[in-house]
file protein_23.txt (compact mmCIF, C-alpha atoms)
# COMPACT_ATOMS: atom_id res chain seq x y z
CA MET A 80 0.00 0.00 0.00
CA THR A 81 2.73 2.43 0.93
CA PRO A 82 4.32 2.96 -2.52
CA SER A 83 1.07 3.58 -4.36
CA ALA A 84 -0.31 5.78 -1.57
CA GLY A 85 2.75 7.96 -1.79
CA GLU A 86 2.65 8.43 -5.57
CA PRO A 87 0.15 10.94 -6.89
CA GLY A 88 -2.04 9.76 -9.71
CA GLU A 89 -1.76 6.08 -8.84
CA ARG A 90 -4.61 4.73 -6.77
CA ASP A 91 -4.66 1.35 -5.09
CA PRO A 92 -8.29 0.23 -4.56
CA ALA A 93 -7.29 -2.02 -1.67
CA ALA A 94 -5.44 0.85 0.01
CA ASP A 95 -8.42 3.15 -0.54
CA ALA A 96 -10.71 0.59 1.05
CA VAL A 97 -8.43 0.38 4.07
CA HIS A 98 -8.36 4.17 4.42
CA LEU A 99 -12.13 4.33 4.20
CA LEU A 100 -12.48 1.68 6.87
CA LEU A 101 -10.04 3.49 9.13
CA GLN A 102 -11.90 6.74 8.71
CA ALA A 103 -15.22 4.99 9.21
CA SER A 104 -13.89 3.57 12.47
CA LEU A 105 -13.89 7.13 13.83
CA GLU A 106 -17.60 7.49 13.22
CA ARG A 107 -19.03 4.05 13.85
CA GLY A 108 -18.15 0.60 15.11
CA LEU A 109 -16.75 -1.76 12.50
CA SER A 110 -18.43 -5.05 11.78
CA ALA A 111 -16.53 -8.25 12.54
CA GLU A 112 -15.86 -8.66 8.80
CA GLU A 113 -14.54 -5.13 8.44
CA ALA A 114 -12.32 -5.53 11.49
CA GLN A 115 -11.02 -8.78 10.06
CA GLN A 116 -10.33 -7.09 6.70
CA LEU A 117 -8.34 -4.35 8.44
CA ARG A 118 -6.48 -6.90 10.51
CA ALA A 119 -5.49 -8.83 7.40
CA ALA A 120 -4.27 -5.63 5.73
CA ALA A 121 -2.31 -4.64 8.84
CA SER A 122 -0.68 -8.07 9.01
CA ALA A 123 0.30 -7.93 5.37
CA ASP A 124 1.60 -4.35 5.36
CA PRO A 125 3.44 -2.75 8.32
CA ALA A 126 2.51 0.69 6.97
CA VAL A 127 -1.17 -0.15 7.46
CA ALA A 128 -0.41 -1.37 10.98
CA ASP A 129 1.22 2.00 11.67
CA GLU A 130 -1.84 3.83 10.42
CA VAL A 131 -4.07 1.66 12.58
CA ALA A 132 -1.91 2.78 15.48
CA VAL A 133 -2.37 6.45 14.59
CA TYR A 134 -6.12 5.98 14.38
CA GLU A 135 -6.05 4.35 17.78
CA LEU A 136 -4.32 7.42 19.16
CA LEU A 137 -6.88 9.68 17.52
CA ARG A 138 -9.70 7.65 19.03
CA ALA A 139 -8.03 7.85 22.43
CA ALA A 140 -7.61 11.62 22.10
CA ARG A 141 -11.26 11.97 21.15
CA LEU A 142 -12.24 9.89 24.16
CA GLU A 143 -10.24 12.27 26.37
CA GLN A 144 -12.22 15.19 25.00
CA ARG A 145 -15.49 13.38 25.55
CA MET A 146 -14.51 12.56 29.12
CA ALA A 147 -13.52 16.17 29.73
CA ARG A 148 -16.91 17.37 28.49
CA HIS A 149 -18.79 15.11 30.94
CA GLU A 150 -16.37 15.42 33.83
CA ALA A 151 -17.99 18.22 35.85
CA ALA A 152 -21.45 16.62 35.86
CA SER A 153 -20.05 13.19 36.74
CA TRP A 154 -17.94 14.61 39.56
CA ASP A 155 -21.01 16.34 41.04
CA GLN A 156 -22.92 13.06 41.00
CA PHE A 157 -20.00 11.20 42.51
CA GLN A 158 -19.72 13.69 45.36
CA GLN A 159 -23.44 13.42 45.99
CA LEU A 160 -23.09 9.65 46.29
CA ALA A 161 -20.19 10.12 48.69
CA ARG A 162 -22.26 12.50 50.83
CA GLN A 163 -25.16 10.06 50.91
CA HIS A 164 -22.79 7.31 51.99
CA ALA A 165 -21.30 9.48 54.72
CA GLY A 166 -24.80 10.38 56.00
CA ALA A 167 -25.89 6.75 55.99
CA ALA A 168 -22.69 5.74 57.78
CA ARG A 169 -23.34 8.34 60.52
CA THR A 170 -26.91 7.13 61.00
CA HIS A 171 -25.69 3.56 61.09
CA ALA A 172 -23.10 4.42 63.73
CA GLN A 173 -25.73 6.15 65.91
CA THR A 174 -28.13 3.27 65.54
CA ALA A 175 -25.45 0.73 66.28
CA GLY A 176 -24.58 2.81 69.35
CA ALA A 177 -28.20 2.54 70.55
CA GLY A 178 -27.84 -1.23 70.23
CA GLY A 179 -30.51 -3.82 71.05
CA TRP A 180 -33.64 -4.56 69.12
CA ARG A 181 -34.27 -0.90 68.25
CA GLY A 182 -30.89 -0.67 66.58
CA TRP A 183 -31.53 -3.85 64.66
CA LEU A 184 -34.92 -2.57 63.49
CA GLN A 185 -33.41 0.69 62.36
CA ARG A 186 -30.63 -1.06 60.47
CA GLN A 187 -33.28 -3.14 58.70
CA GLY A 188 -35.09 0.07 57.78
CA LEU A 189 -38.09 -0.83 59.91
CA LEU A 190 -37.75 2.27 62.08
CA PRO A 191 -37.37 5.81 60.80
CA GLY A 192 -34.15 7.72 61.10
CA GLN A 193 -33.48 11.03 62.81
CA GLY A 194 -35.64 13.02 60.41
CA LEU A 195 -39.02 11.71 61.61
CA PRO A 196 -40.73 12.72 64.83
CA ARG A 197 -40.56 10.46 67.83
CA LEU A 198 -44.34 10.10 67.87
CA ALA A 199 -44.25 8.38 64.47
CA ALA A 200 -41.63 5.96 65.78
CA LEU A 201 -43.76 5.31 68.87
CA CYS A 202 -46.88 4.64 66.77
CA ALA A 203 -44.95 2.27 64.51
CA GLY A 204 -43.70 0.41 67.59
CA LEU A 205 -47.22 0.22 69.02
CA VAL A 206 -48.65 -1.18 65.80
CA ILE A 207 -45.89 -3.79 65.67
CA ALA A 208 -46.55 -4.75 69.32
CA VAL A 209 -50.33 -5.07 68.81
CA GLN A 210 -49.86 -7.13 65.67
CA ALA A 211 -47.35 -9.36 67.41
CA GLY A 212 -49.76 -9.80 70.34
CA GLY A 213 -52.55 -10.72 67.94
CA LEU A 214 -50.40 -13.31 66.26
CA VAL A 215 -49.38 -14.80 69.61
CA TRP A 216 -53.06 -14.96 70.70
CA LEU A 217 -54.08 -16.63 67.46
CA THR A 218 -51.42 -19.30 67.77
CA GLN A 219 -51.61 -19.83 71.54
CA ARG A 220 -55.34 -19.52 72.34
CA PRO A 221 -56.95 -22.58 74.02
CA ALA A 222 -58.87 -24.96 71.82
CA ASP A 223 -62.66 -24.59 72.05
CA PRO A 224 -64.43 -27.98 71.89
CA ALA A 225 -67.76 -26.47 70.89
CA ARG A 226 -66.21 -24.60 67.97
CA MET A 227 -64.36 -27.75 67.03
CA ARG A 228 -67.69 -29.53 66.97
CA GLY A 229 -69.02 -26.84 64.71
CA ALA A 230 -71.63 -25.61 67.24
CA GLY A 231 -70.89 -22.01 66.34
CA ALA A 232 -71.50 -20.75 69.94
CA PRO A 233 -69.41 -20.83 73.07
CA ALA A 234 -70.16 -23.75 75.37
CA ALA A 235 -70.15 -21.57 78.52
CA CYS A 236 -73.02 -22.61 80.75
CA PRO A 237 -75.56 -22.04 82.16
CA ALA A 238 -76.85 -20.25 79.12
CA VAL A 239 -80.12 -19.32 77.43
CA LEU A 240 -81.05 -18.34 73.90
CA VAL A 241 -83.08 -15.11 73.89
CA ARG A 242 -85.14 -13.66 71.02
CA LEU A 243 -85.90 -10.03 71.84
CA ASN A 244 -89.10 -8.11 71.13
CA PRO A 245 -88.79 -5.71 68.26
CA GLN A 246 -89.72 -2.93 70.70
CA ALA A 247 -87.06 -3.85 73.30
CA SER A 248 -84.27 -1.34 73.63
CA ALA A 249 -80.62 -2.26 73.88
CA SER A 250 -80.26 -0.21 77.07
CA ASP A 251 -83.09 -2.11 78.84
CA PHE A 252 -81.62 -5.42 77.77
CA ALA A 253 -78.15 -4.36 78.99
CA ARG A 254 -79.59 -3.17 82.34
CA VAL A 255 -81.35 -6.49 83.02
CA LEU A 256 -78.26 -8.48 82.11
CA MET A 257 -76.12 -6.32 84.38
CA GLN A 258 -78.48 -6.80 87.32
CA ALA A 259 -78.42 -10.55 86.78
CA GLY A 260 -74.65 -10.66 86.33
CA ALA A 261 -75.12 -12.12 82.84
CA ARG A 262 -73.62 -11.27 79.49
CA VAL A 263 -74.21 -11.87 75.77
CA VAL A 264 -71.58 -14.22 74.37
CA ASP A 265 -72.92 -14.88 70.86
CA GLY A 266 -75.65 -14.11 68.37
CA PRO A 267 -77.92 -13.28 66.89
CA ASP A 268 -78.18 -16.67 65.19
CA THR A 269 -80.34 -17.52 62.18
CA ARG A 270 -83.45 -17.30 64.36
CA GLY A 271 -82.44 -13.93 65.77
CA ALA A 272 -81.57 -15.40 69.19
CA PHE A 273 -78.74 -14.16 71.42
CA ARG A 274 -76.83 -16.59 73.64
CA VAL A 275 -76.70 -15.21 77.20
CA VAL A 276 -74.54 -16.75 79.91
CA GLY A 277 -75.15 -16.07 83.58
CA PRO A 278 -74.29 -17.30 87.04
CA GLY A 279 -75.75 -20.24 89.00
CA ALA A 280 -79.52 -20.40 88.55
CA PHE A 281 -79.61 -17.87 85.70
CA ALA A 282 -81.03 -20.36 83.25
CA GLU A 283 -84.06 -20.97 85.50
CA GLU A 284 -84.63 -17.29 86.24
CA ALA A 285 -83.92 -15.89 82.76
CA GLY A 286 -87.48 -16.39 81.49
CA ALA A 287 -88.90 -14.22 84.27
CA LEU A 288 -86.12 -11.62 84.16
CA LEU A 289 -86.43 -11.08 80.41
CA ALA A 290 -90.16 -11.62 80.07
CA ASP A 291 -90.93 -7.98 79.20
CA LEU A 292 -88.18 -7.72 76.65
CA SER A 293 -88.25 -11.06 74.87
CA GLN A 294 -90.42 -13.10 72.56
CA ASP A 295 -88.78 -16.34 73.51
CA VAL A 296 -86.27 -17.52 76.16
CA ARG A 297 -84.99 -21.11 75.99
CA ARG A 298 -82.29 -23.01 77.80
CA ALA A 299 -79.25 -23.54 75.54
CA PRO A 300 -79.49 -27.11 74.21
CA ASP A 301 -75.74 -27.72 74.68
CA CYS A 302 -75.92 -26.99 78.44
CA ALA A 303 -76.99 -29.76 80.80
CA PRO A 304 -80.25 -28.96 82.72
CA MET B 210 -15.63 -5.57 55.35
CA SER B 211 -12.46 -4.10 53.86
CA LEU B 212 -14.45 -2.51 51.03
CA HIS B 213 -16.69 -0.94 53.66
CA SER B 214 -13.63 0.50 55.42
CA PHE B 215 -12.29 1.76 52.12
CA LEU B 216 -15.57 3.55 51.34
CA ASN B 217 -15.77 5.08 54.80
CA ALA B 218 -12.25 6.45 54.45
CA LEU B 219 -13.02 7.68 50.95
CA ALA B 220 -16.19 9.44 52.11
CA SER B 221 -14.23 11.38 54.70
CA SER B 222 -11.64 12.89 52.33
CA GLN B 223 -12.51 14.97 49.30
CA ALA B 224 -8.96 14.76 47.98
CA ALA B 225 -9.12 10.96 48.10
CA GLN B 226 -12.53 11.05 46.44
CA ARG B 227 -11.22 13.17 43.57
CA ASN B 228 -8.25 10.92 43.09
CA PHE B 229 -10.33 7.75 43.10
CA PHE B 230 -13.03 9.28 40.89
CA ASP B 231 -10.51 10.33 38.23
CA HIS B 232 -8.74 7.02 38.32
CA ALA B 233 -11.79 4.74 38.34
CA ARG B 234 -13.87 6.75 35.89
CA ARG B 235 -11.05 6.93 33.38
CA ALA B 236 -10.30 3.23 33.69
CA MET B 237 -13.95 2.31 33.19
CA LEU B 238 -14.52 4.61 30.23
CA VAL B 239 -11.31 3.60 28.48
CA ALA B 240 -12.03 -0.09 28.96
CA LEU B 241 -15.65 0.25 27.81
CA ALA B 242 -14.85 2.49 24.84
CA ARG B 243 -12.17 0.09 23.70
CA LYS B 244 -14.33 -2.95 24.05
CA TYR B 245 -17.58 -1.41 22.81
CA PRO B 246 -16.58 1.19 20.20
CA ALA B 247 -20.08 1.35 18.74
CA ILE B 248 -21.76 2.40 21.99
CA SER B 249 -22.41 6.11 22.55
CA HIS B 250 -20.21 7.90 25.04
CA ALA B 251 -23.25 9.21 26.93
CA LEU B 252 -24.33 5.64 27.65
CA LEU B 253 -20.82 4.71 28.78
CA GLU B 254 -20.89 7.66 31.20
CA ASP B 255 -24.26 6.45 32.53
CA VAL B 256 -22.87 2.99 33.04
CA ALA B 257 -19.81 4.34 34.88
CA MET B 258 -22.10 6.31 37.20
CA GLN B 259 -24.26 3.24 37.81
CA VAL B 260 -21.13 1.38 38.83
CA PHE B 261 -20.25 4.17 41.27
CA GLN B 262 -23.77 3.98 42.70
CA GLN B 263 -23.41 0.24 43.10
CA LEU B 264 -20.06 0.75 44.78
CA TRP B 265 -21.28 3.39 47.24
CA SER B 266 -24.31 1.24 48.06
CA GLY B 267 -21.92 -1.51 49.12
CA LEU B 268 -23.26 -3.86 46.44
CA ILE B 269 -19.90 -4.96 45.06
CA GLY B 270 -20.02 -7.84 47.49
CA GLU B 271 -17.95 -10.30 45.54
CA PHE B 272 -14.89 -8.04 45.31
CA ILE B 273 -11.90 -9.44 47.15
CA SER B 274 -8.42 -7.99 47.50
CA THR B 275 -5.56 -9.48 49.47
CA HIS B 276 -4.19 -5.99 50.18
CA PRO B 277 -5.11 -3.75 53.12
CA SER B 278 -8.02 -1.44 52.38
CA GLY B 279 -5.94 1.71 52.82
CA SER B 280 -3.25 0.68 50.35
CA ASP B 281 -2.72 1.77 46.75
CA ALA B 282 -2.69 -1.88 45.74
CA PHE B 283 -6.20 -2.32 47.13
CA ARG B 284 -7.38 0.68 45.16
CA GLN B 285 -5.70 -0.66 42.02
CA ASP B 286 -7.45 -4.01 42.46
CA LEU B 287 -10.77 -2.29 42.98
CA VAL B 288 -10.41 0.00 39.95
CA ARG B 289 -9.40 -2.93 37.77
CA TYR B 290 -12.35 -4.93 39.02
CA LEU B 291 -14.79 -2.10 38.37
CA ALA B 292 -13.40 -1.39 34.89
CA HIS B 293 -13.03 -4.93 33.62
CA VAL B 294 -15.76 -6.87 35.44
CA ILE B 295 -18.54 -4.70 36.84
CA ALA B 296 -18.77 -1.98 34.17
CA PRO B 297 -18.94 -4.37 31.17
CA ARG B 298 -21.47 -6.47 33.06
CA ARG B 299 -23.67 -3.46 33.70
CA LEU B 300 -23.41 -2.32 30.09
CA VAL B 301 -24.38 -5.72 28.72
CA ASP B 302 -27.28 -5.87 31.21
CA HIS B 303 -28.43 -2.46 30.01
CA LEU B 304 -28.21 -3.46 26.35
CA ARG B 305 -30.18 -6.63 27.01
CA ARG B 306 -32.81 -4.79 29.04
CA THR B 307 -33.32 -2.26 26.29
CA GLY B 308 -33.43 -4.97 23.66
CA ARG B 309 -30.28 -3.84 21.88
CA GLU B 310 -28.06 -6.32 20.18
CA VAL B 311 -24.86 -7.04 22.06
CA PRO B 312 -21.91 -6.79 19.64
CA VAL B 313 -20.21 -10.09 18.83
CA SER B 314 -16.85 -8.78 20.02
CA ASP B 315 -18.28 -8.59 23.56
CA TRP B 316 -18.14 -12.33 23.85
CA VAL B 317 -14.49 -12.76 23.01
CA ARG B 318 -12.74 -14.04 26.10
CA PRO B 319 -9.07 -13.58 26.95
CA GLY B 320 -6.93 -16.34 25.46
CA GLU B 321 -9.17 -16.86 22.46
CA ASP B 322 -8.41 -15.56 19.00
CA ASP B 323 -9.63 -12.02 19.33
CA LEU B 324 -10.53 -10.69 15.91
CA SER B 325 -12.68 -7.88 17.18
CA GLU B 326 -12.27 -4.19 16.53
CA HIS B 327 -11.11 -3.35 20.03
CA ALA B 328 -8.32 -5.91 19.71
CA LEU B 329 -7.35 -4.46 16.35
CA PHE B 330 -6.91 -1.01 17.85
CA ASP B 331 -5.15 -2.36 20.89
CA GLN B 332 -1.64 -1.98 19.54
CA VAL B 333 -0.20 1.33 20.68
CA LEU B 334 -1.94 2.35 23.86
CA PRO B 335 -1.17 0.33 26.96
CA ALA B 336 -4.00 -1.76 28.32
CA GLY B 337 -4.48 -3.71 31.54
CA GLY B 338 -1.55 -4.37 33.84
CA ASP B 339 -0.72 -1.57 36.22
CA GLU B 340 -3.48 0.99 35.69
CA VAL B 341 -1.38 3.89 36.94
CA THR B 342 1.60 3.15 34.69
CA ALA B 343 -0.71 2.52 31.77
CA GLY B 344 -2.42 5.83 32.46
CA ALA B 345 0.89 7.69 32.56
CA GLU B 346 2.07 6.15 29.28
CA ARG B 347 -1.25 6.97 27.71
CA THR B 348 -1.00 10.58 28.84
CA GLN B 349 2.52 10.89 27.36
CA LEU B 350 1.40 9.51 24.02
CA LEU B 351 -1.61 11.81 23.89
CA HIS B 352 0.53 14.86 24.68
CA ARG B 353 2.81 13.98 21.80
CA LEU B 354 -0.20 13.52 19.55
CA ALA B 355 -1.52 16.96 20.52
CA ARG B 356 1.83 18.53 19.65
CA CYS B 357 1.88 16.76 16.29
CA VAL B 358 -1.66 17.91 15.49
CA ASP B 359 -0.65 21.48 16.36
CA HIS B 360 2.14 21.25 13.77
CA LEU B 361 -0.16 20.19 10.92
CA PRO B 362 -0.93 22.66 8.13
CA PRO B 363 -4.07 24.64 9.11
CA ARG B 364 -6.40 23.01 6.56
CA MET B 365 -5.50 19.53 7.90
CA ARG B 366 -5.44 20.66 11.51
CA ASP B 367 -8.99 22.03 11.23
CA VAL B 368 -10.25 18.68 9.99
CA VAL B 369 -8.43 16.65 12.66
CA GLN B 370 -9.52 18.95 15.47
CA GLN B 371 -13.14 18.72 14.42
CA VAL B 372 -12.91 14.94 14.21
CA LEU B 373 -11.54 14.97 17.76
CA GLU B 374 -14.48 17.13 18.81
CA ASP B 375 -16.87 14.44 17.55
CA VAL B 376 -17.98 16.29 14.44
CA ARG B 377 -18.91 13.91 11.65
CA GLN B 378 -17.08 14.18 8.33
CA ALA B 379 -20.24 15.21 6.48
CA ASP B 380 -20.75 18.06 8.96
CA ILE B 381 -17.09 19.09 8.70
CA ALA B 382 -17.51 19.29 4.94
CA ARG B 383 -20.56 21.51 5.33
CA ALA B 384 -18.87 23.71 7.94
CA LEU B 385 -15.73 24.18 5.85
CA ASP B 386 -17.71 24.37 2.61
CA ILE B 387 -15.65 21.65 0.94
CA PRO B 388 -16.63 18.26 -0.53
CA GLU B 389 -16.72 15.31 1.86
CA GLY B 390 -14.09 13.60 -0.29
CA THR B 391 -11.74 16.49 0.42
CA VAL B 392 -12.30 16.02 4.15
CA LYS B 393 -11.35 12.35 3.78
CA SER B 394 -8.22 13.07 1.75
CA ARG B 395 -7.09 15.78 4.19
CA MET B 396 -7.63 13.34 7.02
CA SER B 397 -5.57 10.65 5.25
CA GLU B 398 -2.76 13.07 4.65
CA ALA B 399 -2.91 14.31 8.23
CA VAL B 400 -2.63 10.74 9.52
CA LYS B 401 0.51 10.17 7.44
CA ARG B 402 2.08 13.32 8.85
CA ILE B 403 1.09 12.46 12.41
CA LYS B 404 2.64 9.03 11.96
CA ARG B 405 5.92 10.59 10.90
CA CYS B 406 5.77 13.19 13.67
CA MET B 407 5.11 10.55 16.32
CA GLY B 408 7.92 8.36 15.01
CA ILE B 409 5.56 5.43 14.53
CA GLY B 410 7.21 2.73 12.39
CA LYS B 411 10.50 4.63 12.37
CA GLU B 412 12.44 1.81 13.99
CA ARG B 413 11.51 -0.52 11.16
CA PRO B 414 14.30 -1.09 8.64
call {"tool": "encode", "arguments": {"input": "protein_23.txt", "output": "structure tokens"}}
result
Amino acid sequence: MTPSAGEPGERDPAADAVHLLLQASLERGLSAEEAQQLRAAASADPAVADEVAVYELLRAARLEQRMARHEAASWDQFQQLARQHAGAARTHAQTAGAGGWRGWLQRQGLLPGQGLPRLAALCAGLVIAVQAGGLVWLTQRPADPARMRGAGAPAACPAVLVRLNPQASASDFARVLMQAGARVVDGPDTRGAFRVVGPGAFAEEAGALLADLSQDVRRAPDCAP
Amino acid sequence: MSLHSFLNALASSQAAQRNFFDHARRAMLVALARKYPAISHALLEDVAMQVFQQLWSGLIGEFISTHPSGSDAFRQDLVRYLAHVIAPRRLVDHLRRTGREVPVSDWVRPGEDDLSEHALFDQVLPAGGDEVTAGAERTQLLHRLARCVDHLPPRMRDVVQQVLEDVRQADIARALDIPEGTVKSRMSEAVKRIKRCMGIGKERP
């Protein structure tokens, strides 16, 4: 390539193709075939290899200019990341200093950092405690034989099933139950009856006590007479 | 743990940050640009910043260095790891996510016959090895290139400088009001002169 390239008027098509590829390499990536073609030319002719080297330098110089153009913005972003890291490290150190479960929660991101008010942290803790208590109750509560039988009502006895008058008020009903030391534990069922549990002889006395307020008072069938 | 110590120390010194930023960013961009010449520089910058984010988030968990975290050797290992492992991985992930074809040359592994473009252009500038030494050699070569470009005749120098500023040849032709073929021939001639000025191939008999 070198002799013909140096002599005006004589053009070497292969050399021209190589030059075009080298110049194209400044504007776009070369395909594998083009790169292979250049490689073959560079292997065959040291002058081509030298030109490839010059183009590599030009590409490197252009990269330097590109990097310089983006440098300020990149440096700003980098510093911002460093500041965020430093802030997180300080928070981590304070949390680790607090130690215990609170520190662990904060490290896991389950508790807020310094920026949030203490009240929010307290509320979050309360919610966690209530939920935890609920879960413990659900898993640890005693088994209820009646529910296991599918009765649908607690088996506390003595108990009666009461269907109230439509005119009966809730306050009257509550007052009678309070005087008798009884309480509603279930209902209303499909018949509209409430299950009421009371002390000692409540089952015998319930009919009389609730006569003015009820349509029907019956002893609970699952309680022995 | 040592990476964590390194980052804590880095966060506390702006001079150390600047030094590491320059070193790591340059290494990543040079490695990516060499390996993926067809990818836009803006995307390479994005990838480099994503790597920094990953680093500062402590998500470079698999990085291991046998050197103490405060040593230059540790920093060298880390920069090399970011430039040659993490950054290419992030770029390929990005290209796959956005449905872009990953160039064939990306899959050439060391030790195999590397016929890709980046290997073709990997003849003059130092690559790999000691990043600091390589960087210094690169800087020397680029200074010499700049001097040689300054000594070109003005009509060639204008073309080369615009090429270095990322102006496409068609746009150079329009700006200088000359045919695109003239831009190409001036560029070819400039390259020959730069080669002579740089002493490339001089040692050959």
call {"tool": "residues_near_point", "arguments": {"input": "protein_23.txt", "point": "(-16.6, -1.3, 10.4)", "cutoff": "10 Å", "atoms": "all atoms listed in the file", "output": "mmCIF file with C-alpha atoms, in the coordinates of the input"}}
result
data_model
loop_
_atom_site.group_PDB
_atom_site.id
_atom_site.type_symbol
_atom_site.label_atom_id
_atom_site.label_comp_id
_atom_site.auth_asym_id
_atom_site.auth_seq_id
_atom_site.Cartn_x
_atom_site.Cartn_y
_atom_site.Cartn_z
ATOM 1 C CA LEU A 99 -12.130 4.330 4.200
ATOM 2 C CA LEU A 100 -12.480 1.680 6.870
ATOM 3 C CA LEU A 101 -10.040 3.490 9.130
ATOM 4 C CA GLN A 102 -11.900 6.740 8.710
ATOM 5 C CA ALA A 103 -15.220 4.990 9.210
ATOM 6 C CA SER A 104 -13.890 3.570 12.470
ATOM 7 C CA LEU A 105 -13.890 7.130 13.830
ATOM 8 C CA GLU A 106 -17.600 7.490 13.220
ATOM 9 C CA ARG A 107 -19.030 4.050 13.850
ATOM 10 C CA GLY A 108 -18.150 0.600 15.110
ATOM 11 C CA LEU A 109 -16.750 -1.760 12.500
ATOM 12 C CA SER A 110 -18.430 -5.050 11.780
ATOM 13 C CA ALA A 111 -16.530 -8.250 12.540
ATOM 14 C CA GLU A 112 -15.860 -8.660 8.800
ATOM 15 C CA GLU A 113 -14.540 -5.130 8.440
ATOM 16 C CA ALA A 114 -12.320 -5.530 11.490
ATOM 17 C CA GLN A 115 -11.020 -8.780 10.060
ATOM 18 C CA GLN A 116 -10.330 -7.090 6.700
ATOM 19 C CA LEU A 117 -8.340 -4.350 8.440
ATOM 20 C CA ALA B 247 -20.080 1.350 18.740
ATOM 21 C CA GLU B 326 -12.270 -4.190 16.530
#
call {"tool": "residues_near_point", "arguments": {"input": "protein_23.txt", "point": "(-84.8, -16.7, 68.4)", "cutoff": "12 Å", "atoms": "all atoms listed in the file", "output": "MDAnalysis selection string"}}
result
chainID A and resid 239:245 266:274 293:299
call {"tool": "closest_residue", "arguments": {"input": "protein_23.txt", "among": "B:Arg299, B:Arg366, B:Arg306, B:Arg377", "to": "Ser397 (chain B)", "atoms": "only C-alpha atoms"}}
result
B:Arg366
call {"tool": "residues_around", "arguments": {"input": "protein_23.txt", "residues": "Pro237 (chain A)", "least_positions_apart": "6", "cutoff": "9 Å", "atoms": "all atoms listed in the file", "output": "NGL selection string"}}
result
:A and (275-282 or 298-299 or 302-304)
call {"tool": "write_last_selection", "arguments": {"input": "protein_23.txt", "atoms": "C-alpha atoms", "output": "PDB file, keeping the file's coordinate frame"}}
result
ATOM      1  CA  VAL A 275     -76.700 -15.210  77.200  1.00  0.00           C
ATOM      2  CA  VAL A 276     -74.540 -16.750  79.910  1.00  0.00           C
ATOM      3  CA  GLY A 277     -75.150 -16.070  83.580  1.00  0.00           C
ATOM      4  CA  PRO A 278     -74.290 -17.300  87.040  1.00  0.00           C
ATOM      5  CA  GLY A 279     -75.750 -20.240  89.000  1.00  0.00           C
ATOM      6  CA  ALA A 280     -79.520 -20.400  88.550  1.00  0.00           C
ATOM      7  CA  PHE A 281     -79.610 -17.870  85.700  1.00  0.00           C
ATOM      8  CA  ALA A 282     -81.030 -20.360  83.250  1.00  0.00           C
ATOM      9  CA  ARG A 298     -82.290 -23.010  77.800  1.00  0.00           C
ATOM     10  CA  ALA A 299     -79.250 -23.540  75.540  1.00  0.00           C
ATOM     11  CA  CYS A 302     -75.920 -26.990  78.440  1.00  0.00           C
ATOM     12  CA  ALA A 303     -76.990 -29.760  80.800  1.00  0.00           C
ATOM     13  CA  PRO A 304     -80.250 -28.960  82.720  1.00  0.00           C
TER      14      PRO A 304
END
call {"tool": "closest_residue", "arguments": {"input": "protein_23.txt", "among": "B:Leu300, B:Val369, B:Ile269, B:Ala225", "to": "Ile248 (chain B)", "atoms": "all atoms listed in the file"}}
result
B:Leu300
call {"tool": "interface_residues", "arguments": {"input": "protein_23.txt", "of": "chain A", "to": "chain B", "cutoff": "8 Å", "atoms": "all atoms listed in the file", "output": "compact mmCIF listing (two decimals) with C-alpha atoms, in the coordinates of the input"}}
result
# COMPACT_ATOMS: atom_id res chain seq x y z
CA HIS A 98 -8.36 4.17 4.42
CA GLN A 102 -11.90 6.74 8.71
CA LEU A 105 -13.89 7.13 13.83
CA GLU A 106 -17.60 7.49 13.22
CA ARG A 107 -19.03 4.05 13.85
CA GLY A 108 -18.15 0.60 15.11
CA LEU A 109 -16.75 -1.76 12.50
CA SER A 110 -18.43 -5.05 11.78
CA ALA A 111 -16.53 -8.25 12.54
CA ALA A 114 -12.32 -5.53 11.49
CA GLN A 115 -11.02 -8.78 10.06
CA LEU A 117 -8.34 -4.35 8.44
CA ARG A 118 -6.48 -6.90 10.51
CA PRO A 125 3.44 -2.75 8.32
CA ALA A 126 2.51 0.69 6.97
CA ASP A 129 1.22 2.00 11.67
CA GLU A 130 -1.84 3.83 10.42
CA VAL A 131 -4.07 1.66 12.58
CA ALA A 132 -1.91 2.78 15.48
CA VAL A 133 -2.37 6.45 14.59
CA TYR A 134 -6.12 5.98 14.38
CA GLU A 135 -6.05 4.35 17.78
CA LEU A 136 -4.32 7.42 19.16
CA LEU A 137 -6.88 9.68 17.52
CA ARG A 138 -9.70 7.65 19.03
CA ALA A 139 -8.03 7.85 22.43
CA ALA A 140 -7.61 11.62 22.10
CA ARG A 141 -11.26 11.97 21.15
CA LEU A 142 -12.24 9.89 24.16
CA GLN A 144 -12.22 15.19 25.00
CA ARG A 145 -15.49 13.38 25.55
CA MET A 146 -14.51 12.56 29.12
CA HIS A 149 -18.79 15.11 30.94
CA SER A 153 -20.05 13.19 36.74
CA TRP A 154 -17.94 14.61 39.56
CA GLN A 156 -22.92 13.06 41.00
CA PHE A 157 -20.00 11.20 42.51
CA GLN A 158 -19.72 13.69 45.36
CA LEU A 160 -23.09 9.65 46.29
CA ALA A 161 -20.19 10.12 48.69
CA ARG A 162 -22.26 12.50 50.83
CA HIS A 164 -22.79 7.31 51.99
CA ALA A 165 -21.30 9.48 54.72
CA ALA A 168 -22.69 5.74 57.78
call {"tool": "atom_distance", "arguments": {"input": "protein_23.txt", "atom1": "CA of Leu292 (chain A)", "atom2": "CA of Val264 (chain A)"}}
result
18.0 Å
call {"tool": "residues_around", "arguments": {"input": "protein_23.txt", "residues": "Val256 (chain B)", "least_positions_apart": "3", "cutoff": "7 Å", "atoms": "all atoms listed in the file", "output": "ChimeraX atom specification"}}
result
/B:252-253,259-260,296,299-300
